[in-house]
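**Student:** Contents of run27.cif (mmCIF, C-alpha atoms and all ligand atoms) are given next:
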```cif
data_run
loop_
_atom_site.label_atom_id
_atom_site.label_comp_id
_atom_site.auth_asym_id
_atom_site.auth_seq_id
_atom_site.Cartn_x
_atom_site.Cartn_y
_atom_site.Cartn_z
CA MET A 123 -147.24 -144.02 243.18
CA LYS A 124 -149.53 -140.99 243.22
CA ARG A 125 -148.23 -138.16 245.32
CA SER A 126 -150.31 -137.45 248.46
CA ILE A 127 -153.51 -137.78 246.53
CA SER A 128 -155.22 -138.96 249.69
CA ASN A 129 -155.26 -135.35 250.89
CA LEU A 130 -157.83 -134.55 248.26
CA PRO A 131 -160.94 -134.49 250.45
CA GLY A 132 -159.85 -130.99 251.43
CA LEU A 133 -160.75 -130.01 247.89
CA SER A 134 -164.26 -131.37 247.86
CA ARG A 135 -166.92 -129.10 246.49
CA ARG A 136 -168.89 -129.04 249.72
CA ASN A 137 -165.93 -128.05 251.84
CA PHE A 138 -164.71 -125.62 249.25
CA LEU A 139 -168.02 -123.85 248.95
CA ALA A 140 -168.44 -123.72 252.68
CA GLY A 141 -165.11 -121.96 252.82
CA ALA A 142 -164.43 -124.00 255.91
CA GLY A 143 -161.17 -123.31 257.66
CA GLY A 144 -158.54 -125.86 258.42
CA LEU A 145 -158.74 -127.60 255.07
CA SER A 146 -155.40 -127.74 253.47
CA VAL A 147 -153.94 -129.23 250.39
CA GLY A 148 -150.63 -129.51 252.19
CA GLY A 149 -148.20 -131.96 250.73
CA LEU A 150 -150.08 -132.31 247.49
CA LEU A 151 -147.33 -130.82 245.46
CA GLY A 152 -144.41 -132.18 247.41
CA ALA A 153 -141.14 -131.30 245.79
CA PHE A 154 -142.00 -132.87 242.44
CA SER A 155 -139.01 -135.10 242.77
CA PRO A 156 -139.44 -137.72 240.10
CA PRO A 157 -139.92 -141.05 241.85
CA ALA A 158 -139.05 -144.33 240.19
CA ARG A 159 -141.36 -144.69 237.24
CA ALA A 160 -142.55 -147.55 235.13
CA GLY A 161 -140.78 -145.80 232.27
CA ALA A 162 -143.57 -145.70 229.69
CA LEU A 163 -142.31 -143.66 226.76
CA ILE A 164 -144.09 -141.71 224.10
CA GLU A 165 -142.63 -140.42 220.84
CA LEU A 166 -143.74 -136.92 219.83
CA PRO A 167 -143.60 -136.48 216.04
CA PHE A 168 -140.46 -134.33 215.78
CA ALA A 169 -136.73 -134.82 216.33
CA ASN A 170 -135.84 -135.39 220.02
CA GLY A 171 -139.51 -136.06 220.69
CA ARG A 172 -139.11 -138.95 223.15
CA ARG A 173 -140.84 -138.22 226.45
CA GLU A 174 -141.89 -140.08 229.56
CA LEU A 175 -145.54 -140.72 230.22
CA VAL A 176 -146.11 -140.04 233.93
CA THR A 177 -148.98 -140.62 236.31
CA ASP A 178 -147.51 -139.36 239.58
CA PHE A 179 -148.45 -135.69 239.61
CA PRO A 180 -151.25 -134.79 242.01
CA GLN A 181 -154.76 -134.94 240.52
CA LYS A 182 -153.31 -135.95 237.15
CA SER A 183 -153.39 -139.28 235.37
CA ALA A 184 -151.21 -140.14 232.36
CA MET A 185 -149.45 -137.00 231.11
CA ILE A 186 -146.46 -136.34 228.90
CA LEU A 187 -143.58 -135.09 231.04
CA GLN A 188 -141.95 -132.04 229.45
CA ARG A 189 -140.27 -130.78 232.63
CA THR A 190 -140.52 -131.65 236.32
CA ARG A 191 -139.91 -128.38 238.15
CA PRO A 192 -141.64 -126.13 237.57
CA PRO A 193 -143.99 -128.65 236.00
CA LEU A 194 -144.75 -128.73 232.31
CA LEU A 195 -147.14 -131.58 231.50
CA GLU A 196 -148.63 -132.15 228.07
CA THR A 197 -151.98 -133.77 227.28
CA PRO A 198 -151.54 -136.95 225.20
CA PHE A 199 -153.27 -136.18 221.92
CA GLU A 200 -155.69 -139.13 221.96
CA VAL A 201 -157.50 -137.43 224.86
CA PHE A 202 -158.88 -134.90 222.36
CA ASP A 203 -160.71 -137.67 220.50
CA GLN A 204 -162.64 -138.65 223.62
CA GLY A 205 -164.81 -135.53 223.85
CA VAL A 206 -164.76 -131.76 223.50
CA PHE A 207 -164.12 -131.18 227.20
CA THR A 208 -160.63 -132.07 228.36
CA PRO A 209 -160.87 -133.97 231.65
CA ASN A 210 -159.23 -132.16 234.57
CA ASP A 211 -156.87 -135.05 235.23
CA ARG A 212 -155.59 -134.88 231.63
CA PHE A 213 -155.52 -131.07 231.31
CA TYR A 214 -152.05 -129.76 230.47
CA VAL A 215 -149.96 -127.90 233.04
CA ARG A 216 -147.57 -125.02 232.64
CA TRP A 217 -145.83 -122.95 235.33
CA HIS A 218 -142.97 -120.48 235.01
CA LEU A 219 -141.88 -120.21 238.62
CA ALA A 220 -140.85 -123.11 240.82
CA ASN A 221 -142.26 -122.04 244.19
CA ILE A 222 -145.85 -123.16 243.95
CA PRO A 223 -147.67 -123.23 247.30
CA THR A 224 -147.96 -126.71 248.72
CA ALA A 225 -150.75 -125.73 251.09
CA ILE A 226 -153.69 -123.47 250.36
CA ASP A 227 -156.33 -123.16 253.03
CA PRO A 228 -159.63 -122.32 251.32
CA GLY A 229 -160.88 -120.79 254.58
CA ASP A 230 -157.95 -118.40 254.92
CA PHE A 231 -157.61 -117.58 251.24
CA ARG A 232 -158.34 -113.96 250.23
CA LEU A 233 -158.61 -112.35 246.81
CA LYS A 234 -157.55 -108.71 247.00
CA VAL A 235 -158.60 -105.91 244.67
CA ARG A 236 -156.62 -102.72 245.14
CA GLY A 237 -154.78 -99.93 243.37
CA HIS A 238 -156.68 -97.35 241.36
CA VAL A 239 -160.06 -98.17 242.93
CA ARG A 240 -162.50 -96.29 245.11
CA LYS A 241 -162.38 -98.87 247.89
CA PRO A 242 -159.87 -101.76 248.12
CA ILE A 243 -161.58 -105.05 248.93
CA SER A 244 -160.56 -108.48 250.14
CA LEU A 245 -162.88 -111.38 249.32
CA THR A 246 -163.11 -114.88 250.75
CA LEU A 247 -164.01 -117.81 248.52
CA HIS A 248 -167.32 -117.87 250.34
CA ASP A 249 -167.92 -114.21 249.34
CA LEU A 250 -167.17 -114.99 245.70
CA VAL A 251 -169.49 -117.98 245.60
CA HIS A 252 -172.37 -116.39 247.50
CA ASP A 253 -172.26 -112.63 246.86
CA PHE A 254 -171.83 -112.57 243.09
CA PRO A 255 -173.96 -114.05 240.31
CA PRO A 256 -172.35 -117.24 239.02
CA PHE A 257 -171.08 -117.18 235.45
CA GLU A 258 -170.26 -120.13 233.21
CA LEU A 259 -168.49 -120.40 229.91
CA ALA A 260 -166.74 -123.10 227.86
CA ALA A 261 -163.36 -121.94 226.61
CA VAL A 262 -160.12 -123.25 225.17
CA ASN A 263 -157.01 -122.56 227.20
CA GLN A 264 -153.99 -122.75 224.90
CA CYS A 265 -150.36 -121.96 225.64
CA SER A 266 -148.76 -119.44 223.28
CA GLY A 267 -146.10 -122.06 222.59
CA ASN A 268 -148.46 -124.92 221.81
CA SER A 269 -146.98 -126.96 218.89
CA ARG A 270 -143.60 -125.22 219.28
CA GLY A 271 -141.79 -128.51 218.68
CA PHE A 272 -142.91 -128.38 215.03
CA PHE A 273 -141.17 -125.06 214.34
CA SER A 274 -138.60 -125.20 211.57
CA PRO A 275 -135.97 -123.99 212.13
CA ARG A 276 -136.39 -125.16 215.72
CA VAL A 277 -136.59 -122.54 218.48
CA THR A 278 -135.89 -122.72 222.20
CA GLY A 279 -138.62 -123.14 224.81
CA GLY A 280 -140.87 -126.02 225.84
CA GLN A 281 -140.92 -128.46 222.93
CA TRP A 282 -144.66 -129.10 222.98
CA ALA A 283 -146.51 -131.13 220.40
CA HIS A 284 -150.20 -130.14 220.06
CA GLY A 285 -151.17 -130.99 223.65
CA ALA A 286 -150.52 -127.65 225.39
CA MET A 287 -154.20 -126.83 225.05
CA GLY A 288 -157.45 -127.94 226.61
CA ASN A 289 -161.12 -127.04 226.70
CA ALA A 290 -163.14 -126.79 229.90
CA LEU A 291 -166.42 -125.52 231.24
CA TRP A 292 -165.33 -122.75 233.60
CA ARG A 293 -167.58 -121.59 236.40
CA GLY A 294 -167.00 -118.62 238.62
CA VAL A 295 -167.80 -114.93 238.60
CA ARG A 296 -167.39 -112.14 236.09
CA LEU A 297 -164.26 -110.09 236.68
CA LYS A 298 -166.40 -107.04 235.91
CA ASP A 299 -168.64 -107.72 238.91
CA VAL A 300 -165.65 -108.01 241.23
CA LEU A 301 -164.03 -104.84 239.85
CA ASP A 302 -167.32 -102.98 240.20
CA ARG A 303 -167.49 -103.98 243.86
CA ALA A 304 -164.19 -102.17 244.43
CA GLY A 305 -165.11 -99.41 241.99
CA VAL A 306 -162.61 -98.73 239.21
CA ALA A 307 -161.51 -95.10 239.60
CA PRO A 308 -161.46 -92.66 236.67
CA GLY A 309 -158.13 -92.73 234.88
CA ALA A 310 -157.64 -96.49 235.27
CA VAL A 311 -155.77 -97.96 232.28
CA GLN A 312 -154.99 -101.60 232.97
CA VAL A 313 -155.76 -104.31 235.50
CA ARG A 314 -152.89 -106.49 236.70
CA PHE A 315 -153.14 -110.05 238.03
CA GLN A 316 -150.85 -111.97 240.34
CA GLY A 317 -150.91 -115.54 241.59
CA LEU A 318 -149.40 -117.19 244.66
CA ASP A 319 -146.37 -118.68 242.89
CA THR A 320 -142.93 -117.11 243.25
CA GLY A 321 -139.45 -117.64 241.87
CA VAL A 322 -136.72 -119.50 243.70
CA LEU A 323 -134.22 -116.68 243.26
CA PRO A 324 -135.05 -113.18 244.57
CA GLN A 325 -134.17 -111.61 241.20
CA THR A 326 -136.76 -113.70 239.33
CA PRO A 327 -139.51 -111.34 238.19
CA THR A 328 -142.91 -112.06 239.79
CA PHE A 329 -145.35 -113.49 237.26
CA LEU A 330 -147.73 -110.58 236.54
CA LYS A 331 -150.06 -110.18 233.58
CA SER A 332 -152.34 -107.27 232.69
CA LEU A 333 -155.37 -106.57 230.56
CA ASP A 334 -156.73 -103.21 229.41
CA VAL A 335 -159.52 -101.99 231.68
CA ASP A 336 -162.19 -102.27 228.96
CA HIS A 337 -161.17 -105.84 228.25
CA ALA A 338 -161.15 -106.71 231.95
CA ARG A 339 -164.67 -105.28 232.24
CA ASP A 340 -166.11 -106.87 229.07
CA GLY A 341 -168.36 -109.23 231.05
CA GLU A 342 -166.68 -112.37 229.67
CA VAL A 343 -163.31 -112.30 231.38
CA MET A 344 -163.96 -114.26 234.54
CA ILE A 345 -162.52 -115.54 237.79
CA ALA A 346 -163.09 -119.29 237.79
CA TYR A 347 -163.42 -121.43 240.90
CA GLU A 348 -164.57 -124.54 239.04
CA MET A 349 -163.45 -126.39 235.97
CA ASN A 350 -165.70 -129.06 234.44
CA GLY A 351 -167.86 -129.09 237.58
CA GLU A 352 -165.02 -129.58 240.08
CA PRO A 353 -162.75 -127.23 242.01
CA LEU A 354 -159.68 -126.41 239.93
CA PRO A 355 -156.87 -128.94 240.23
CA VAL A 356 -154.01 -127.43 242.22
CA LEU A 357 -151.74 -127.53 239.18
CA ASN A 358 -154.37 -125.66 237.14
CA GLY A 359 -154.63 -122.88 239.70
CA PHE A 360 -156.67 -123.87 242.76
CA PRO A 361 -158.56 -122.08 244.19
CA LEU A 362 -159.06 -119.31 241.58
CA ARG A 363 -157.82 -118.55 238.11
CA LEU A 364 -158.46 -115.88 235.56
CA VAL A 365 -160.17 -117.03 232.34
CA VAL A 366 -159.68 -114.77 229.33
CA PRO A 367 -161.85 -116.27 226.59
CA GLY A 368 -160.27 -116.23 223.14
CA TRP A 369 -156.88 -115.06 224.42
CA PHE A 370 -153.74 -117.11 224.89
CA ALA A 371 -153.33 -118.79 228.28
CA THR A 372 -150.45 -116.61 229.44
CA TYR A 373 -153.12 -114.16 230.67
CA TRP A 374 -155.07 -116.87 232.52
CA VAL A 375 -153.32 -116.25 235.84
CA LYS A 376 -153.54 -119.25 238.18
CA MET A 377 -153.87 -119.20 241.98
CA LEU A 378 -155.07 -115.65 241.45
CA GLU A 379 -154.88 -113.69 244.72
CA ASP A 380 -154.14 -110.10 243.82
CA ILE A 381 -155.82 -107.75 241.35
CA GLU A 382 -154.31 -104.31 240.99
CA VAL A 383 -155.94 -101.57 238.95
CA LEU A 384 -153.25 -99.43 237.32
CA ASP A 385 -153.40 -95.83 236.16
CA LYS A 386 -150.64 -96.41 233.61
CA PRO A 387 -149.72 -99.24 231.25
CA ASP A 388 -148.02 -102.19 232.91
CA ASP A 389 -144.37 -102.40 231.94
CA ASN A 390 -143.41 -105.38 234.12
CA TYR A 391 -141.14 -108.04 232.60
CA TRP A 392 -143.97 -110.43 231.64
CA MET A 393 -145.80 -107.72 229.69
CA SER A 394 -142.95 -105.74 228.17
CA LYS A 395 -140.17 -108.31 227.61
CA ALA A 396 -141.74 -111.77 227.54
CA TYR A 397 -144.68 -112.97 225.49
CA LEU A 398 -144.15 -110.47 222.70
CA ILE A 399 -144.97 -111.33 219.10
CA PRO A 400 -143.97 -109.61 215.87
CA ASP A 401 -146.65 -107.14 214.84
CA THR A 402 -146.94 -108.83 211.42
CA PRO A 403 -149.62 -111.04 209.81
CA GLY A 404 -149.67 -114.35 211.68
CA ALA A 405 -146.92 -113.02 213.97
CA SER A 406 -144.58 -114.34 211.31
CA VAL A 407 -141.04 -113.23 210.46
CA THR A 408 -138.08 -114.78 208.69
CA PRO A 409 -135.27 -116.05 210.94
CA ASP A 410 -132.93 -113.22 209.89
CA GLN A 411 -135.50 -110.41 209.96
CA LYS A 412 -134.45 -107.50 212.19
CA GLY A 413 -136.09 -104.38 213.61
CA VAL A 414 -139.63 -105.74 213.73
CA LYS A 415 -142.10 -104.00 216.02
CA MET A 416 -143.12 -106.31 218.87
CA VAL A 417 -146.47 -106.32 220.73
CA PRO A 418 -147.87 -108.40 223.60
CA ILE A 419 -149.40 -111.67 222.40
CA ASN A 420 -153.18 -111.52 222.55
CA ARG A 421 -156.03 -113.25 220.67
CA MET A 422 -155.84 -116.82 219.44
CA PRO A 423 -156.18 -117.61 215.74
CA PRO A 424 -158.35 -120.57 214.64
CA ARG A 425 -157.07 -124.16 214.59
CA SER A 426 -158.36 -127.61 213.67
CA PHE A 427 -157.01 -131.12 214.08
CA PHE A 428 -157.67 -134.74 213.14
CA THR A 429 -158.17 -136.82 216.27
CA SER A 430 -159.66 -140.05 214.88
CA HIS A 431 -156.52 -141.35 213.19
CA MET A 432 -152.80 -141.09 213.63
CA ASP A 433 -150.29 -140.46 210.86
CA GLY A 434 -149.61 -143.65 208.96
CA ALA A 435 -153.16 -145.05 209.04
CA ALA A 436 -153.63 -147.72 206.33
CA VAL A 437 -156.73 -147.50 204.13
CA LYS A 438 -158.06 -149.44 201.15
CA ARG A 439 -158.81 -147.50 197.97
CA GLY A 440 -162.50 -146.78 197.52
CA GLN A 441 -163.05 -147.28 201.24
CA THR A 442 -164.83 -144.56 203.18
CA LEU A 443 -162.72 -143.28 206.01
CA ASN A 444 -164.74 -141.67 208.76
CA VAL A 445 -162.44 -138.91 209.88
CA ARG A 446 -163.15 -136.86 212.96
CA GLY A 447 -161.50 -134.14 214.97
CA ILE A 448 -161.77 -130.90 216.86
CA ALA A 449 -161.68 -127.27 215.83
CA PHE A 450 -161.84 -123.94 217.55
CA GLY A 451 -162.33 -120.50 216.09
CA GLY A 452 -159.77 -118.75 218.32
CA ASP A 453 -161.34 -115.51 219.52
CA THR A 454 -164.70 -116.30 217.92
CA GLY A 455 -166.86 -119.27 216.98
CA VAL A 456 -166.45 -122.00 214.37
CA ALA A 457 -168.41 -121.26 211.17
CA LYS A 458 -167.35 -124.34 209.22
CA VAL A 459 -164.75 -127.06 209.05
CA LEU A 460 -163.41 -128.25 205.69
CA VAL A 461 -161.66 -131.53 204.91
CA SER A 462 -159.81 -132.60 201.78
CA GLU A 463 -157.89 -135.41 200.15
CA GLN A 464 -154.47 -134.50 198.92
CA GLY A 465 -154.91 -132.03 196.04
CA GLY A 466 -158.67 -132.58 196.22
CA GLN A 467 -161.52 -130.24 196.85
CA TRP A 468 -162.62 -129.10 200.27
CA HIS A 469 -165.67 -130.85 201.73
CA GLU A 470 -167.71 -129.32 204.50
CA ALA A 471 -167.63 -131.48 207.63
CA ARG A 472 -170.57 -132.09 209.93
CA LEU A 473 -170.22 -130.18 213.18
CA GLY A 474 -170.95 -131.53 216.64
CA ALA A 475 -172.77 -129.76 219.46
CA ASN A 476 -172.07 -126.07 219.89
CA HIS A 477 -170.81 -125.30 223.39
CA GLY A 478 -170.27 -121.62 222.69
CA LYS A 479 -167.88 -119.62 220.59
CA TYR A 480 -164.77 -120.17 222.71
CA SER A 481 -165.10 -123.96 222.98
CA PHE A 482 -163.68 -126.86 221.01
CA ARG A 483 -166.20 -128.09 218.47
CA GLN A 484 -166.15 -131.64 217.18
CA TRP A 485 -166.35 -132.30 213.43
CA GLU A 486 -166.63 -135.46 211.31
CA PHE A 487 -166.68 -136.40 207.64
CA PRO A 488 -166.90 -139.65 205.63
CA LEU A 489 -164.02 -139.27 203.16
CA ARG A 490 -163.84 -141.60 200.13
CA LEU A 491 -160.26 -142.13 199.12
CA ALA A 492 -159.99 -142.49 195.34
CA THR A 493 -156.25 -142.53 194.71
CA THR A 494 -153.67 -144.99 195.97
CA GLY A 495 -150.39 -144.19 197.60
CA GLN A 496 -149.31 -142.07 200.51
CA GLN A 497 -151.41 -138.96 200.81
CA ARG A 498 -152.03 -136.13 203.20
CA LEU A 499 -155.59 -135.35 204.18
CA ARG A 500 -156.07 -131.78 205.33
CA VAL A 501 -158.45 -130.03 207.67
CA ARG A 502 -159.10 -126.36 208.18
CA VAL A 503 -161.65 -124.26 210.02
CA VAL A 504 -163.25 -121.01 208.99
CA ASN A 505 -164.22 -118.98 212.04
CA ALA A 506 -167.21 -116.66 212.41
CA ALA A 507 -165.03 -113.73 211.33
CA GLY A 508 -164.08 -115.57 208.11
CA VAL A 509 -160.53 -116.27 209.28
CA THR A 510 -158.88 -119.59 208.44
CA GLN A 511 -155.40 -121.09 208.91
CA PRO A 512 -152.47 -120.34 206.60
CA ASP A 513 -151.15 -122.93 204.10
CA HIS A 514 -147.62 -122.39 205.30
CA PRO A 515 -146.48 -122.36 208.93
CA ASN A 516 -145.75 -119.05 210.59
CA TRP A 517 -142.37 -118.61 212.26
CA ASN A 518 -141.05 -116.39 215.04
CA PRO A 519 -138.11 -116.84 217.43
CA SER A 520 -140.34 -117.56 220.45
CA GLY A 521 -142.27 -120.32 218.72
CA PHE A 522 -145.64 -118.69 219.38
CA MET A 523 -149.03 -118.91 217.71
CA ARG A 524 -148.55 -121.85 215.38
CA ASN A 525 -151.77 -122.43 213.44
CA VAL A 526 -150.85 -123.84 210.03
CA ILE A 527 -153.43 -126.13 208.34
CA GLU A 528 -152.92 -129.57 209.87
CA SER A 529 -152.76 -132.78 207.88
CA LEU A 530 -153.04 -136.52 208.38
CA ALA A 531 -150.80 -138.91 206.43
CA VAL A 532 -152.64 -142.03 205.25
CA GLN A 533 -151.45 -144.95 203.14
CA VAL A 534 -154.05 -145.91 200.52
CA SER A 535 -153.60 -149.31 198.83
N1 LIG A 601 -149.76 -117.95 238.49
C1 LIG A 601 -149.45 -118.35 237.27
N2 LIG A 601 -150.39 -118.38 236.33
C2 LIG A 601 -150.10 -118.78 235.07
C3 LIG A 601 -148.78 -119.15 234.71
C4 LIG A 601 -147.79 -119.10 235.73
O1 LIG A 601 -146.61 -119.40 235.51
N3 LIG A 601 -148.16 -118.70 237.00
N4 LIG A 601 -148.50 -119.52 233.42
C5 LIG A 601 -149.44 -119.08 232.37
C6 LIG A 601 -149.23 -119.79 231.13
S1 LIG A 601 -147.95 -119.27 230.17
C7 LIG A 601 -150.05 -120.81 230.70
S2 LIG A 601 -149.78 -121.57 229.22
C8 LIG A 601 -151.20 -121.24 231.51
C9 LIG A 601 -151.28 -122.75 231.66
O2 LIG A 601 -152.45 -123.09 232.30
P1 LIG A 601 -152.65 -124.57 232.85
O3 LIG A 601 -151.43 -124.97 233.58
O4 LIG A 601 -153.86 -124.57 233.70
O5 LIG A 601 -152.87 -125.45 231.65
O6 LIG A 601 -151.19 -120.67 232.80
C10 LIG A 601 -150.89 -119.29 232.82
N5 LIG A 601 -151.09 -118.80 234.16
MO MO A 602 -147.95 -120.49 228.14
#
```
Step by step, read the file and then write its structure as structure tokens.

**Tutor:**
Amino acid sequence: MKRSISNLPGLSRRNFLAGAGGLSVGGLLGAFSPPARAGALIELPFANGRRELVTDFPQKSAMILQRTRPPLLETPFEVFDQGVFTPNDRFYVRWHLANIPTAIDPGDFRLKVRGHVRKPISLTLHDLVHDFPPFELAAVNQCSGNSRGFFSPRVTGGQWAHGAMGNALWRGVRLKDVLDRAGVAPGAVQVRFQGLDTGVLPQTPTFLKSLDVDHARDGEVMIAYEMNGEPLPVLNGFPLRLVVPGWFATYWVKMLEDIEVLDKPDDNYWMSKAYLIPDTPGASVTPDQKGVKMVPINRMPPRSFFTSHMDGAAVKRGQTLNVRGIAFGGDTGVAKVLVSEQGGQWHEARLGANHGKYSFRQWEFPLRLATTGQQRLRVRVVNAAGVTQPDHPNWNPSGFMRNVIESLAVQVS
């Protein structure tokens, strides 16, 4: 049973854009109590990888249940073979705090800009849609902990396979334009973002993330009100979310309602204690390494995946296997994608349509398999800055930033 999905007309584009009052998404989120389920199970490819496949979260169809409250839902990997844009109803979900508003009235909603500005402002959704030039951009949203379940030795945190990422066409306004409306005052250092979600316990730190002022005003960081041509799903941040192209999703604050310009660096918990990575190549350390300088996680490194086949695919020797997948350059575009047989040379794959440098890009290659036995095909991407993935996995205690070269096990007979 889908939870209160019938309330969805309140989210229609027409009503949303009109900013009409009295439209509520009340009840959509309910309490996330898991109702009786059909019990479909999915096996993620690491130890303790059994998960439920659920369809009862609002505006979501089949998703891998990682946690119920606050919700962590993973995109089943086959979705990435169906196109470069991840459908909204299959887009992964990650929240830190359990109090997520169950009713947001698009007519009452206000986005505030305050702090170290010339004139604090408060904008309605109608203002954002009508008073600012629209801006559109395709970009990959990826959790810092995507693929954490593959870490060895294992680390704590959400045990995601590769489905804590998604690509969407985001539409909204440039953050720069909104900041300029308020007027960033001289001496501003960072800009801090807050959503509507709160913790259950008073001592839980509010989820706050900050960007340097120059980054915030780079003309690409945006406030999105649409995702793939629709209002954002509630679980992906309705009615507004920050989009920080090329950067890990922790900065992409959902249900964004408060923007504070700061005249000193933000030292709140989520910037100074959480989401730190070792300041080493690939954010990699050894499990016993001590005294490493830590810095806030930031840009994404490049990644590429096979999507056309699953591990264990059976192939006849001499047969041509049409392999296909997706790649992204991280903080810049895809220059090329390379595919190889085990121990073989790298072949340059054919790339699909270019949706911009922050988007997934499809690739394909007809691979002739010459040797029999079990073998691992490999795929890697070279981004526009010449960066590619490492041969060996990185490791850090938070399980962040995995981007080792991925492989596909095939059985050639
Ligand atoms: N308000 C709010 N925004 C948030 C978070 C959160 O807990 N609260 N989590 C961040 C993290 S860590 C991730 S990975 C992304 C997930 O985005 P999604 O749920 O739309 O996929 O949201 C980011 N924005
Ligand atoms: Mo995340």

**Student:** Ligand MO 602 (chain A): which residues are within 6 Å, counting all atoms listed in the file? Reply as a list of chain:residue names.

**Tutor:** A:Cys265, A:Ser266, A:Ala371, A:Thr372

**Student:** Please provide as a list in words all residues within 12 Å of A:Ala506, with the sequence filter that same-chain residues fewer than 3 positions apart are discarded (counting all atoms listed in the file).

**Tutor:** Pro423, Pro424, Phe450, Gly451, Gly452, Asp453, Thr454, Gly455, Val456, Ala457, Lys458, Val459, Gly478, Lys479, Tyr480, Val503, Val509 and Thr510 of chain A

**Student:** Please compute the atom CA of A:Gly521-atom CA of A:Val262 distance, one decimal, in Å.

**Tutor:**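 Value for the atom CA of A:Gly521-atom CA of A:Val262 distance: 19.2 Å.
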
**Student:** Under the rule that all atoms listed in the file are counted, which of A:Lys376, A:His431, A:Arg296, A:His477 is the nearest residue to A:Pro355?

**Tutor:**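 Using all atoms listed in the file, the shortest distance to A:Pro355 belongs to A:Lys376.
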
**Student:** For ligand LIG 601 (chain A), list the contacting residues at 8 Å or closer, counting only C-alpha atoms and all ligand atoms, as a PDB file with C-alpha atoms, keeping the file's coordinate frame.

**Tutor:**
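In the end it all went to part37.pdb:
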```pdb
ATOM      1  CA  LEU A 194    -144.750-128.730 232.310  1.00  0.00           C
ATOM      2  CA  PHE A 213    -155.520-131.070 231.310  1.00  0.00           C
ATOM      3  CA  TYR A 214    -152.050-129.760 230.470  1.00  0.00           C
ATOM      4  CA  VAL A 215    -149.960-127.900 233.040  1.00  0.00           C
ATOM      5  CA  ARG A 216    -147.570-125.020 232.640  1.00  0.00           C
ATOM      6  CA  TRP A 217    -145.830-122.950 235.330  1.00  0.00           C
ATOM      7  CA  HIS A 218    -142.970-120.480 235.010  1.00  0.00           C
ATOM      8  CA  LEU A 219    -141.880-120.210 238.620  1.00  0.00           C
ATOM      9  CA  ASN A 263    -157.010-122.560 227.200  1.00  0.00           C
ATOM     10  CA  GLN A 264    -153.990-122.750 224.900  1.00  0.00           C
ATOM     11  CA  CYS A 265    -150.360-121.960 225.640  1.00  0.00           C
ATOM     12  CA  SER A 266    -148.760-119.440 223.280  1.00  0.00           C
ATOM     13  CA  GLY A 267    -146.100-122.060 222.590  1.00  0.00           C
ATOM     14  CA  ALA A 286    -150.520-127.650 225.390  1.00  0.00           C
ATOM     15  CA  MET A 287    -154.200-126.830 225.050  1.00  0.00           C
ATOM     16  CA  GLY A 288    -157.450-127.940 226.610  1.00  0.00           C
ATOM     17  CA  GLN A 316    -150.850-111.970 240.340  1.00  0.00           C
ATOM     18  CA  GLY A 317    -150.910-115.540 241.590  1.00  0.00           C
ATOM     19  CA  LEU A 318    -149.400-117.190 244.660  1.00  0.00           C
ATOM     20  CA  ASP A 319    -146.370-118.680 242.890  1.00  0.00           C
ATOM     21  CA  PHE A 329    -145.350-113.490 237.260  1.00  0.00           C
ATOM     22  CA  LEU A 330    -147.730-110.580 236.540  1.00  0.00           C
ATOM     23  CA  LEU A 357    -151.740-127.530 239.180  1.00  0.00           C
ATOM     24  CA  ASN A 358    -154.370-125.660 237.140  1.00  0.00           C
ATOM     25  CA  GLY A 359    -154.630-122.880 239.700  1.00  0.00           C
ATOM     26  CA  ARG A 363    -157.820-118.550 238.110  1.00  0.00           C
ATOM     27  CA  PHE A 370    -153.740-117.110 224.890  1.00  0.00           C
ATOM     28  CA  ALA A 371    -153.330-118.790 228.280  1.00  0.00           C
ATOM     29  CA  THR A 372    -150.450-116.610 229.440  1.00  0.00           C
ATOM     30  CA  TYR A 373    -153.120-114.160 230.670  1.00  0.00           C
ATOM     31  CA  TRP A 374    -155.070-116.870 232.520  1.00  0.00           C
ATOM     32  CA  VAL A 375    -153.320-116.250 235.840  1.00  0.00           C
ATOM     33  CA  LYS A 376    -153.540-119.250 238.180  1.00  0.00           C
ATOM     34  CA  MET A 377    -153.870-119.200 241.980  1.00  0.00           C
ATOM     35  CA  LEU A 378    -155.070-115.650 241.450  1.00  0.00           C
TER      36      LEU A 378
END
```

**Student:** So what do you get for atom CA of A:Leu166 versus atom CA of A:Thr208, distance-wise?

**Tutor:**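 These atoms are spaced 19.5 Å apart.
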
**Student:** Using only C-alpha atoms, find the one residue out of A:Gln281, A:Asn420, A:Thr246, A:Thr408 that sits nearest to A:Phe168.

**Tutor:**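 For A:Phe168, the nearest of the candidates is A:Gln281.
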
**Student:** Closest to A:Phe207 among A:Gln181, A:Asn518, A:Ser394, A:Asn289, using all atoms listed in the file?

**Tutor:** A:Asn289
